[in-house]
>>> print(open('protein11.cif').read())   # mmCIF, C-alpha atoms
data_protein
#
loop_
_atom_site.label_atom_id
_atom_site.label_comp_id
_atom_site.auth_asym_id
_atom_site.auth_seq_id
_atom_site.Cartn_x
_atom_site.Cartn_y
_atom_site.Cartn_z
CA MET R 1 10.67 -36.49 7.36
CA THR R 2 8.97 -34.78 10.29
CA GLU R 3 7.16 -31.45 10.19
CA LEU R 4 8.68 -29.24 12.87
CA ALA R 5 7.75 -25.85 14.27
CA GLY R 6 8.83 -23.70 17.16
CA TRP R 7 6.64 -22.89 20.15
CA GLY R 8 4.83 -20.23 18.12
CA ARG R 9 3.77 -22.97 15.66
CA TYR R 10 4.83 -20.72 12.79
CA PRO R 11 6.50 -21.40 10.43
CA ARG R 12 6.42 -25.17 9.89
CA HIS R 13 9.10 -27.02 7.94
CA PRO R 14 9.84 -30.67 7.16
CA SER R 15 13.14 -32.06 8.46
CA GLU R 16 14.84 -35.38 8.98
CA THR R 17 15.34 -35.96 12.72
CA LEU R 18 18.13 -37.84 14.47
CA SER R 19 18.26 -38.63 18.19
CA PRO R 20 21.71 -39.55 19.55
CA ALA R 21 21.42 -41.80 22.59
CA SER R 22 24.68 -40.59 24.16
CA PRO R 23 27.38 -37.93 23.67
CA LYS R 24 29.62 -40.54 22.05
CA ALA R 25 27.24 -40.72 19.08
CA LEU R 26 27.46 -36.99 18.32
CA PRO R 27 30.83 -36.64 16.54
CA SER R 28 30.09 -39.19 13.82
CA LEU R 29 26.63 -37.73 13.23
CA MET R 30 28.09 -34.23 12.95
CA ALA R 31 30.75 -35.34 10.49
CA SER R 32 28.42 -37.35 8.26
CA ARG R 33 25.62 -34.81 7.71
CA THR R 34 25.16 -31.34 6.26
CA GLY R 35 22.42 -28.78 6.80
CA LEU R 36 22.13 -29.82 10.43
CA VAL R 37 21.33 -28.00 13.66
CA ALA R 38 20.68 -29.16 17.24
CA ARG R 39 17.26 -28.88 18.87
CA GLY R 40 16.53 -29.08 22.58
CA ASN R 41 12.91 -29.05 23.73
CA GLY R 42 11.64 -26.98 20.79
CA ARG R 43 10.86 -23.85 22.82
CA ALA R 44 12.53 -21.39 20.45
CA TYR R 45 9.51 -19.59 19.03
CA GLY R 46 10.37 -19.50 15.32
CA ASP R 47 12.66 -21.48 13.03
CA ALA R 48 15.97 -21.34 14.91
CA ALA R 49 15.88 -25.00 16.01
CA ILE R 50 14.81 -26.54 12.70
CA GLY R 51 17.64 -27.90 10.56
CA GLU R 52 17.80 -26.97 6.91
CA ARG R 53 17.91 -30.72 6.19
CA VAL R 54 18.52 -32.54 9.49
CA THR R 55 17.50 -31.71 13.05
CA LEU R 56 19.54 -33.26 15.84
CA MET R 57 17.29 -33.97 18.83
CA THR R 58 19.37 -33.65 22.01
CA GLN R 59 16.90 -34.54 24.75
CA GLY R 60 18.60 -37.92 25.21
CA LEU R 61 21.67 -36.09 26.58
CA ASP R 62 19.99 -35.63 29.93
CA ARG R 63 22.44 -36.55 32.69
CA ILE R 64 23.68 -34.44 35.57
CA ARG R 65 27.35 -35.39 35.57
CA ALA R 66 28.59 -33.68 38.73
CA PHE R 67 27.19 -31.48 41.49
CA ASP R 68 29.26 -30.00 44.32
CA GLN R 69 26.83 -28.95 47.04
CA ALA R 70 29.58 -27.10 48.88
CA THR R 71 30.21 -24.66 46.03
CA GLY R 72 27.09 -24.99 43.89
CA ARG R 73 29.16 -25.90 40.82
CA ILE R 74 27.30 -28.27 38.51
CA GLN R 75 28.06 -30.03 35.22
CA VAL R 76 25.14 -31.14 33.10
CA GLU R 77 24.60 -32.50 29.62
CA ALA R 78 23.03 -30.16 27.12
CA GLY R 79 19.69 -31.97 26.93
CA VAL R 80 18.90 -31.62 30.64
CA LEU R 81 15.62 -29.77 31.06
CA LEU R 82 15.67 -26.72 33.31
CA SER R 83 12.51 -28.07 34.98
CA ASP R 84 14.33 -31.28 35.95
CA LEU R 85 17.34 -29.35 37.18
CA LEU R 86 15.12 -27.17 39.37
CA ASP R 87 13.50 -30.26 40.89
CA VAL R 88 16.96 -31.43 41.94
CA VAL R 89 18.62 -28.24 43.14
CA VAL R 90 15.88 -26.06 44.67
CA PRO R 91 15.17 -28.40 47.64
CA ARG R 92 18.93 -28.44 48.23
CA GLY R 93 19.09 -24.67 48.59
CA PHE R 94 20.22 -23.59 45.13
CA PHE R 95 18.79 -21.81 42.11
CA PRO R 96 20.16 -21.26 38.58
CA PRO R 97 21.94 -17.93 38.13
CA VAL R 98 19.59 -16.94 35.27
CA VAL R 99 16.32 -18.45 34.05
CA PRO R 100 14.10 -17.51 31.08
CA GLY R 101 10.30 -17.22 31.13
CA THR R 102 9.75 -20.98 30.84
CA LYS R 103 11.41 -23.87 32.62
CA PHE R 104 10.68 -26.28 29.76
CA VAL R 105 13.95 -25.50 27.97
CA THR R 106 17.21 -27.40 27.84
CA ILE R 107 20.49 -26.13 29.24
CA GLY R 108 22.01 -26.34 25.75
CA GLY R 109 19.19 -24.21 24.40
CA MET R 110 19.68 -21.68 27.20
CA ILE R 111 23.33 -21.27 26.19
CA ALA R 112 22.67 -21.21 22.44
CA SER R 113 20.07 -18.46 23.00
CA ASP R 114 22.02 -16.77 25.81
CA VAL R 115 18.74 -16.48 27.68
CA HIS R 116 18.18 -13.44 29.82
CA GLY R 117 15.96 -13.39 32.86
CA LYS R 118 14.37 -10.86 35.15
CA ASN R 119 17.83 -10.15 36.60
CA HIS R 120 19.77 -9.25 33.46
CA HIS R 121 20.21 -5.67 34.63
CA ARG R 122 22.11 -7.06 37.63
CA ASP R 123 23.57 -10.43 36.66
CA GLY R 124 23.78 -10.58 32.87
CA GLY R 125 22.65 -13.50 30.72
CA PHE R 126 22.98 -17.22 31.33
CA GLY R 127 26.08 -17.32 29.12
CA ASP R 128 27.91 -14.98 31.51
CA HIS R 129 27.75 -17.74 34.13
CA VAL R 130 28.94 -20.62 31.98
CA GLU R 131 32.44 -21.54 33.12
CA SER R 132 33.08 -24.05 30.35
CA LEU R 133 31.30 -26.18 27.78
CA THR R 134 32.12 -29.10 25.52
CA LEU R 135 31.33 -28.57 21.85
CA ALA R 136 31.03 -31.08 18.99
CA LEU R 137 32.38 -29.35 15.89
CA PRO R 138 31.13 -29.73 12.30
CA ASP R 139 34.02 -32.06 11.36
CA GLY R 140 33.35 -34.41 14.28
CA GLY R 141 36.02 -32.98 16.55
CA VAL R 142 35.26 -32.27 20.20
CA VAL R 143 36.72 -29.26 22.04
CA THR R 144 36.46 -27.59 25.43
CA CYS R 145 35.55 -23.91 25.45
CA SER R 146 36.14 -21.59 28.41
CA ARG R 147 37.45 -18.08 29.11
CA ASP R 148 40.99 -19.50 28.89
CA GLU R 149 40.58 -22.24 26.27
CA ASN R 150 39.05 -21.42 22.88
CA PRO R 151 37.52 -18.17 24.22
CA GLU R 152 36.50 -16.91 20.76
CA LEU R 153 34.56 -20.10 20.13
CA LEU R 154 32.91 -19.79 23.54
CA SER R 155 31.84 -16.21 22.74
CA ALA R 156 30.39 -17.30 19.40
CA THR R 157 28.58 -20.30 20.89
CA ILE R 158 26.90 -18.25 23.64
CA GLY R 159 23.92 -16.77 21.79
CA GLY R 160 25.06 -18.40 18.55
CA MET R 161 21.82 -20.34 18.04
CA GLY R 162 23.62 -23.67 17.63
CA LEU R 163 25.48 -22.51 14.51
CA THR R 164 29.02 -23.24 15.78
CA GLY R 165 28.39 -26.88 16.69
CA THR R 166 26.40 -29.00 19.13
CA ILE R 167 26.83 -28.36 22.84
CA ILE R 168 27.49 -31.62 24.69
CA ASP R 169 27.70 -30.41 28.29
CA ALA R 170 28.27 -27.29 30.36
CA THR R 171 29.60 -26.31 33.77
CA PHE R 172 28.28 -23.35 35.77
CA CYS R 173 27.65 -22.27 39.37
CA LEU R 174 24.24 -22.15 41.04
CA ARG R 175 23.01 -19.41 43.37
CA PRO R 176 22.56 -20.40 47.05
CA THR R 177 19.11 -19.69 48.53
CA GLU R 178 17.55 -20.04 51.98
CA THR R 179 14.02 -20.85 50.79
CA GLY R 180 11.94 -21.65 47.74
CA TRP R 181 9.89 -18.47 48.10
CA MET R 182 10.22 -15.05 46.48
CA ARG R 183 9.62 -11.81 48.37
CA GLN R 184 7.74 -9.74 45.81
CA THR R 185 6.69 -6.10 45.75
CA THR R 186 4.29 -4.79 43.09
CA THR R 187 4.38 -1.21 41.80
CA VAL R 188 1.62 0.32 39.69
CA ALA R 189 2.63 2.47 36.72
CA ARG R 190 -0.16 4.47 35.11
CA ASN R 191 1.62 4.83 31.75
CA LEU R 192 4.80 3.92 29.89
CA ASP R 193 6.81 6.78 31.37
CA GLY R 194 5.93 5.52 34.83
CA ALA R 195 6.80 1.95 33.89
CA ILE R 196 10.29 2.85 32.66
CA ARG R 197 10.85 5.03 35.70
CA ALA R 198 9.69 2.23 38.03
CA LEU R 199 12.02 -0.31 36.39
CA GLN R 200 14.91 2.10 36.83
CA GLU R 201 13.96 2.71 40.44
CA THR R 202 13.79 -1.03 41.14
CA SER R 203 17.10 -1.75 39.41
CA ARG R 204 18.68 -2.52 42.79
CA ALA R 205 16.31 -5.46 43.13
CA THR R 206 17.74 -8.75 41.93
CA TYR R 207 14.66 -9.43 39.80
CA SER R 208 12.39 -6.92 38.13
CA VAL R 209 9.87 -7.20 35.29
CA ALA R 210 6.81 -5.32 34.10
CA TRP R 211 3.58 -6.69 32.70
CA ILE R 212 2.33 -4.05 30.29
CA ASP R 213 -1.17 -3.45 28.93
CA CYS R 214 -0.44 -3.07 25.22
CA LEU R 215 -4.05 -2.19 24.37
CA ALA R 216 -4.33 0.79 26.73
CA ARG R 217 -4.48 4.12 24.92
CA GLY R 218 -4.30 7.85 25.55
CA THR R 219 -2.96 8.88 28.95
CA SER R 220 -2.95 5.21 30.01
CA LEU R 221 -0.71 4.09 27.14
CA GLY R 222 1.70 1.52 28.54
CA ARG R 223 0.14 1.22 31.97
CA SER R 224 1.95 -1.55 33.82
CA LEU R 225 2.50 -3.62 36.90
CA ILE R 226 6.14 -3.91 37.95
CA PHE R 227 7.08 -7.04 39.92
CA ALA R 228 10.35 -6.69 41.85
CA ALA R 229 11.57 -9.64 43.90
CA GLU R 230 14.33 -11.26 45.93
CA HIS R 231 14.85 -14.83 47.04
CA ALA R 232 13.10 -14.88 50.40
CA THR R 233 15.04 -15.61 53.57
CA ARG R 234 13.77 -17.65 56.50
CA ARG R 235 13.28 -14.37 58.33
CA ASP R 236 10.96 -13.26 55.49
CA ILE R 237 8.88 -16.40 55.98
CA ASP R 238 8.59 -15.74 59.72
CA ALA R 239 7.43 -12.19 59.04
CA LEU R 240 5.17 -12.70 56.01
CA ARG R 241 4.01 -16.32 56.08
CA PRO R 242 4.63 -17.88 59.51
CA GLY R 243 4.68 -21.67 59.50
CA ALA R 244 5.21 -22.03 55.74
CA GLU R 245 7.57 -24.73 54.51
CA PRO R 246 10.94 -23.24 53.52
CA TYR R 247 10.95 -25.26 50.29
CA PRO R 248 7.36 -25.83 49.11
CA PRO R 249 6.70 -28.54 46.51
CA SER R 250 7.61 -27.51 42.98
CA LYS R 251 4.80 -29.47 41.34
CA LEU R 252 1.87 -27.08 41.23
CA GLY R 253 -1.51 -27.79 39.72
CA SER R 254 -1.94 -26.71 36.12
CA LEU R 255 -4.60 -26.05 33.55
CA GLY R 256 -4.38 -27.14 29.94
CA VAL R 257 -5.60 -26.00 26.53
CA PRO R 258 -6.84 -29.24 24.93
CA LEU R 259 -7.49 -27.84 21.44
CA ASP R 260 -6.80 -24.90 19.15
CA LEU R 261 -9.05 -22.00 20.06
CA PRO R 262 -11.01 -20.34 17.25
CA SER R 263 -9.32 -17.23 15.88
CA PHE R 264 -12.15 -14.96 17.02
CA THR R 265 -11.55 -15.88 20.69
CA LEU R 266 -8.72 -13.37 20.98
CA ASN R 267 -9.98 -9.92 20.03
CA ARG R 268 -9.69 -6.41 21.35
CA LEU R 269 -12.75 -6.84 23.57
CA SER R 270 -11.70 -10.13 25.21
CA VAL R 271 -8.07 -9.14 25.70
CA SER R 272 -9.00 -5.67 26.99
CA ALA R 273 -11.29 -7.31 29.55
CA PHE R 274 -8.54 -9.71 30.62
CA ASN R 275 -6.02 -6.87 30.89
CA GLU R 276 -8.40 -4.79 33.01
CA LEU R 277 -8.99 -7.65 35.44
CA TYR R 278 -5.28 -8.50 35.61
CA PHE R 279 -4.33 -4.87 36.20
CA ARG R 280 -6.86 -4.41 38.99
CA ALA R 281 -5.93 -7.69 40.67
CA GLY R 282 -2.25 -6.75 40.65
CA ALA R 283 -2.87 -3.18 41.80
CA VAL R 284 -4.67 -4.44 44.91
CA LYS R 285 -1.41 -6.09 46.04
CA SER R 286 0.79 -3.08 45.36
CA GLY R 287 2.84 -1.24 47.94
CA TYR R 288 3.72 -4.01 50.38
CA PRO R 289 5.89 -7.14 50.18
CA PHE R 290 4.41 -10.64 50.07
CA LEU R 291 5.66 -14.16 49.39
CA VAL R 292 5.21 -15.94 46.06
CA HIS R 293 6.25 -19.48 45.16
CA TRP R 294 9.25 -19.39 42.81
CA ASN R 295 7.36 -21.31 40.14
CA PRO R 296 4.64 -18.76 39.24
CA TYR R 297 6.99 -15.82 39.73
CA PHE R 298 9.51 -17.00 37.16
CA PHE R 299 7.30 -19.18 34.94
CA PRO R 300 3.71 -17.85 35.05
CA LEU R 301 2.59 -19.43 31.76
CA ASP R 302 4.05 -22.86 32.51
CA GLY R 303 0.99 -23.48 34.66
CA ILE R 304 -1.12 -23.55 31.47
CA GLY R 305 -0.34 -26.64 29.43
CA SER R 306 -0.08 -26.12 25.65
CA TRP R 307 -0.89 -22.43 26.05
CA ASN R 308 0.36 -21.82 22.52
CA ARG R 309 -2.96 -23.26 21.31
CA ILE R 310 -4.72 -20.16 22.62
CA TYR R 311 -3.71 -18.37 19.44
CA GLY R 312 -5.40 -20.85 17.13
CA ARG R 313 -4.30 -23.18 14.38
CA ARG R 314 -2.21 -20.62 12.46
CA GLY R 315 -0.03 -19.98 15.49
CA PHE R 316 1.48 -16.75 16.76
CA LEU R 317 4.57 -14.60 16.51
CA GLN R 318 6.48 -13.56 19.58
CA TYR R 319 8.08 -10.22 18.84
CA GLN R 320 10.91 -9.18 21.15
CA CYS R 321 13.07 -6.14 20.59
CA VAL R 322 15.51 -4.15 22.69
CA ILE R 323 15.84 -0.37 22.43
CA PRO R 324 18.84 1.57 23.83
CA THR R 325 18.03 3.47 27.00
CA ALA R 326 18.21 6.97 25.52
CA GLN R 327 15.62 6.19 22.84
CA ALA R 328 13.50 3.71 24.77
CA GLN R 329 10.73 5.96 26.05
CA ALA R 330 9.95 7.59 22.70
CA VAL R 331 10.38 4.52 20.52
CA LEU R 332 8.51 2.08 22.74
CA GLY R 333 5.71 4.62 23.03
CA SER R 334 5.44 4.79 19.24
CA MET R 335 5.43 1.00 19.04
CA LEU R 336 2.69 0.62 21.62
CA GLU R 337 0.59 3.28 19.88
CA ARG R 338 0.79 1.33 16.64
CA VAL R 339 -0.05 -1.98 18.31
CA SER R 340 -2.95 -0.48 20.24
CA LYS R 341 -4.31 1.28 17.16
CA HIS R 342 -3.97 -1.88 15.10
CA GLY R 343 -5.94 -3.81 17.71
CA ASN R 344 -3.84 -6.96 17.65
CA ALA R 345 -4.68 -9.05 20.68
CA SER R 346 -1.56 -9.65 22.76
CA PHE R 347 -2.48 -10.68 26.26
CA LEU R 348 1.20 -11.26 27.01
CA ALA R 349 3.29 -8.09 26.89
CA VAL R 350 6.44 -7.79 28.99
CA LEU R 351 8.87 -4.94 29.57
CA LYS R 352 12.31 -5.45 31.17
CA GLN R 353 15.52 -3.52 31.68
CA LEU R 354 18.64 -5.13 30.20
CA GLY R 355 22.37 -4.68 30.57
CA ALA R 356 25.15 -5.39 28.08
CA SER R 357 25.96 -8.82 26.64
CA HIS R 358 29.18 -10.45 25.44
CA GLY R 359 28.31 -13.17 22.91
CA ASP R 360 28.81 -12.28 19.24
CA LEU R 361 25.10 -12.78 18.52
CA SER R 362 23.73 -12.32 22.04
CA PHE R 363 20.56 -10.26 22.09
CA PRO R 364 20.76 -7.93 25.12
CA LEU R 365 22.16 -4.43 25.08
CA GLU R 366 21.80 -1.67 27.64
CA GLY R 367 18.20 -0.58 27.32
CA PHE R 368 14.64 -1.84 27.57
CA THR R 369 13.16 -4.90 25.93
CA LEU R 370 9.51 -5.24 24.92
CA THR R 371 7.93 -8.62 24.20
CA LEU R 372 4.60 -9.07 22.44
CA ASP R 373 2.64 -12.16 21.38
CA LEU R 374 0.60 -11.57 18.23
CA PRO R 375 -1.63 -14.10 16.42
CA VAL R 376 -0.53 -14.93 12.88
CA SER R 377 -2.77 -13.10 10.42
CA ASP R 378 -2.35 -11.54 7.01
CA ASP R 379 -2.25 -8.03 8.44
CA VAL R 380 0.18 -8.66 11.30
CA PHE R 381 3.24 -8.81 9.03
CA PRO R 382 2.97 -5.19 7.76
CA LEU R 383 2.58 -4.07 11.39
CA LEU R 384 5.75 -5.89 12.42
CA ASP R 385 7.61 -4.42 9.45
CA GLU R 386 6.66 -0.98 10.81
CA LEU R 387 7.98 -1.92 14.24
CA ASP R 388 11.19 -3.24 12.69
CA ARG R 389 11.86 0.15 11.10
CA LEU R 390 11.50 1.87 14.46
CA VAL R 391 13.87 -0.64 16.07
CA VAL R 392 16.55 -0.24 13.39
CA GLU R 393 16.34 3.57 13.45
CA ALA R 394 16.83 3.50 17.24
CA GLY R 395 19.88 1.22 17.06
CA GLY R 396 18.03 -1.74 18.57
CA ARG R 397 17.61 -5.35 17.49
CA LEU R 398 15.34 -8.40 17.58
CA TYR R 399 15.88 -11.60 19.57
CA LEU R 400 16.83 -14.53 17.34
CA ALA R 401 15.31 -17.11 19.69
CA LYS R 402 11.91 -15.48 19.18
CA ASP R 403 12.23 -14.49 15.53
CA ALA R 404 10.27 -16.12 12.70
CA ARG R 405 10.10 -13.41 10.03
CA GLN R 406 12.55 -10.50 10.28
CA SER R 407 14.47 -9.59 7.12
CA PRO R 408 18.24 -10.03 6.62
CA ALA R 409 18.57 -6.22 6.49
CA THR R 410 16.91 -5.78 9.90
CA PHE R 411 19.08 -8.53 11.36
CA GLU R 412 22.36 -7.20 9.97
CA ALA R 413 21.61 -3.67 11.19
CA GLY R 414 21.21 -4.90 14.75
CA TYR R 415 24.18 -7.23 15.24
CA PRO R 416 27.60 -5.57 14.82
CA GLY R 417 29.36 -8.83 15.77
CA LEU R 418 27.92 -10.63 12.73
CA SER R 419 31.02 -10.35 10.52
CA ARG R 420 33.21 -11.79 13.26
CA PHE R 421 30.71 -14.62 13.75
CA ARG R 422 30.66 -15.38 10.03
CA ASP R 423 34.48 -15.45 9.95
CA LEU R 424 34.57 -17.97 12.78
CA ARG R 425 31.92 -20.11 11.09
CA ARG R 426 34.08 -20.21 7.96
CA ALA R 427 37.20 -21.02 9.98
CA ILE R 428 35.60 -24.10 11.58
CA ARG R 429 33.89 -25.07 8.29
CA ALA R 430 30.42 -24.70 9.72
CA THR R 431 28.91 -22.53 6.98
CA ASP R 432 27.53 -25.41 4.91
CA ARG R 433 27.53 -28.21 7.44
CA ILE R 434 25.58 -26.49 10.25
CA SER R 435 22.55 -24.53 9.13
CA SER R 436 19.06 -23.93 10.40
CA ARG R 437 16.00 -22.50 8.70
CA LEU R 438 16.75 -19.27 10.56
CA SER R 439 20.40 -19.13 9.42
CA VAL R 440 19.41 -19.71 5.79
CA ARG R 441 16.61 -17.12 5.97
CA LEU R 442 18.93 -14.47 7.45
CA GLY R 443 22.08 -15.40 5.57
CA ILE R 444 24.11 -16.17 8.68
#
>>> encode(input="protein11.cif", output="structure tokens")
Amino acid sequence: MTELAGWGRYPRHPSETLSPASPKALPSLMASRTGLVARGNGRAYGDAAIGERVTLMTQGLDRIRAFDQATGRIQVEAGVLLSDLLDVVVPRGFFPPVVPGTKFVTIGGMIASDVHGKNHHRDGGFGDHVESLTLALPDGGVVTCSRDENPELLSATIGGMGLTGTIIDATFCLRPTETGWMRQTTTVARNLDGAIRALQETSRATYSVAWIDCLARGTSLGRSLIFAAEHATRRDIDALRPGAEPYPPSKLGSLGVPLDLPSFTLNRLSVSAFNELYFRAGAVKSGYPFLVHWNPYFFPLDGIGSWNRIYGRRGFLQYQCVIPTAQAQAVLGSMLERVSKHGNASFLAVLKQLGASHGDLSFPLEGFTLTLDLPVSDDVFPLLDELDRLVVEAGGRLYLAKDARQSPATFEAGYPGLSRFRDLRRAIRATDRISSRLSVRLGI
């Protein structure tokens, strides 16, 4: 047995682990075990990728099977890391259609979580771009899922947190690019109202995201920096960074956190000081476009190795909710007031605008999503229960890939496609055979 945890390092559970060396080994493993779920690189924050009894490690399924450079269509096995894919395709003038906030995830995990990026308001989630996938079913059968073949199973698998089977491979199209740079423009928002307005005003940009100071109070509640960006053209390089390489190296220098920091390191004083410096540094660059390497724009925390240790030995909870547009300003304001008053130290707080989603358990809906990182402590759970009530009352929901503690009632209130998903799970006999700690906790 191996003790496993998500990236938040909470909760921890023992599980037997199995590592298939090739796709051919998957069907027999699926058919011979119960209480099993697949796990990619372990970057789900909570307990979604920990099997109730057995965890199927898929990193050995790491081949790129086909790549058409004329069309950008690519077929990859589910265990391929996004970071490795980027190393291959970016110098060739392509970029994935959607990426999450870290590149250290597998393609299978991106589909199972239906990851959304900084362009969801324009381009939807990663699952919207999957043309087809191959799925190993609970009984050991293998099927192809696409919009024309097994479409209901495809819809359930996208965002289904691995609970319909194990993804073997997937085919999707990449986005052509002229350079490896991003043309970014920063906007300063003095409060939450300004942040929401700025995100709406930058909705024509392909990418848009706000860093939000969750400890600011009073008239500065929700002050933010909004980062809008496009893939830079060669003309942008000539104008903004003459002589720069069109495709700069992807391997950037990084820092690391070698040990768990003491719990007192993150407190209102230290995080407030960091937020003030970060806000001022970003504000200086506001109002004019400049070039940023794609790596820090999309994956700012990947430059800090083992950054999850910053929150100490007990770990942290990443709380991500989405609130429908009409209620977003009032509800998010109430949430930020509670967090600021409570004094929990979240130096990572992100606000984005989302569009609709199509998977039965996909997270996005038309509205605004707030993400907070909060250290695990005895008093953080009552705070999150308060936030849950606000989310449910507003018709919002929590992201399963980040969740480690929401109640079944909160979950069921937020996902109207749950009954359809449960019916499909019963039809393919997955209810007992495929189960994670998350699915057992929430009664999926």
>>> resolve_selection(input="protein11.cif", expression="the PyMOL selection byres ((chain R and resi 145) around 7)", output="ChimeraX atom specification")
/R:132-134,143-144,146,149-151,153-154
>>> residues_around(input="protein11.cif", residues="Leu291 of chain R", least_positions_apart="6", cutoff="9 Å", atoms="all atoms listed in the file", output="list in words")
Trp181, Met182, Arg183, Gln184, Thr185, Ala232, Asp236, Ile237, Leu240 and Arg241 of chain R
>>> residues_around(input="protein11.cif", residues="Ser220 of chain R", least_positions_apart="2", cutoff="8 Å", atoms="all atoms listed in the file", output="PyMOL selection string")
chain R and resi 190-192+216-218+222-223
>>> closest_residue(input="protein11.cif", among="R:Ala326, R:Ala228, R:Leu354, R:Met335", to="Ser286 of chain R", atoms="only C-alpha atoms")
R:Ala228
>>> residues_around(input="protein11.cif", residues="segment 175-178 of chain R", least_positions_apart="2", cutoff="6 Å", atoms="only C-alpha atoms", output="ChimeraX atom specification")
/R:93-97,233
>>> closest_residue(input="protein11.cif", among="R:Arg389, R:Arg314, R:His120, R:Arg426", to="Pro11 of chain R", atoms="all atoms listed in the file")
R:Arg314
>>> decode(input="protein11.cif", residues="segment 268-310 of chain R", atoms="C-alpha atoms", output="tab-separated table (two decimals), in the first residue's frame")
chain	number	residue	atom	x	y	z
R	268	ARG	CA	-1.83	38.21	7.19
R	269	LEU	CA	1.26	40.40	7.52
R	270	SER	CA	3.53	38.40	5.18
R	271	VAL	CA	0.87	37.79	2.54
R	272	SER	CA	-0.34	41.41	2.67
R	273	ALA	CA	3.24	42.56	2.09
R	274	PHE	CA	3.63	40.17	-0.84
R	275	ASN	CA	0.31	41.28	-2.33
R	276	GLU	CA	1.26	44.95	-2.04
R	277	LEU	CA	4.58	44.40	-3.81
R	278	TYR	CA	2.97	42.24	-6.51
R	279	PHE	CA	0.20	44.79	-7.10
R	280	ARG	CA	2.63	47.69	-7.42
R	281	ALA	CA	4.97	45.78	-9.71
R	282	GLY	CA	2.10	44.85	-12.00
R	283	ALA	CA	0.58	48.33	-11.97
R	284	VAL	CA	3.84	49.83	-13.23
R	285	LYS	CA	3.45	47.80	-16.45
R	286	SER	CA	-0.20	48.67	-17.01
R	287	GLY	CA	-1.58	50.47	-20.02
R	288	TYR	CA	0.79	49.34	-22.77
R	289	PRO	CA	1.48	46.00	-24.48
R	290	PHE	CA	4.68	44.04	-23.88
R	291	LEU	CA	5.99	40.57	-24.67
R	292	VAL	CA	6.03	37.72	-22.16
R	293	HIS	CA	7.40	34.21	-22.65
R	294	TRP	CA	4.51	31.72	-22.91
R	295	ASN	CA	5.81	29.74	-19.94
R	296	PRO	CA	5.37	32.33	-17.13
R	297	TYR	CA	2.18	33.70	-18.66
R	298	PHE	CA	0.34	30.38	-18.60
R	299	PHE	CA	2.20	28.60	-15.79
R	300	PRO	CA	3.54	31.19	-13.31
R	301	LEU	CA	3.87	28.80	-10.35
R	302	ASP	CA	5.61	26.06	-12.33
R	303	GLY	CA	8.80	28.07	-11.96
R	304	ILE	CA	8.77	27.27	-8.22
R	305	GLY	CA	9.50	23.60	-7.65
R	306	SER	CA	7.38	21.88	-4.97
R	307	TRP	CA	5.57	25.14	-4.23
R	308	ASN	CA	2.90	23.18	-2.38
R	309	ARG	CA	5.37	22.95	0.52
R	310	ILE	CA	4.90	26.67	1.14
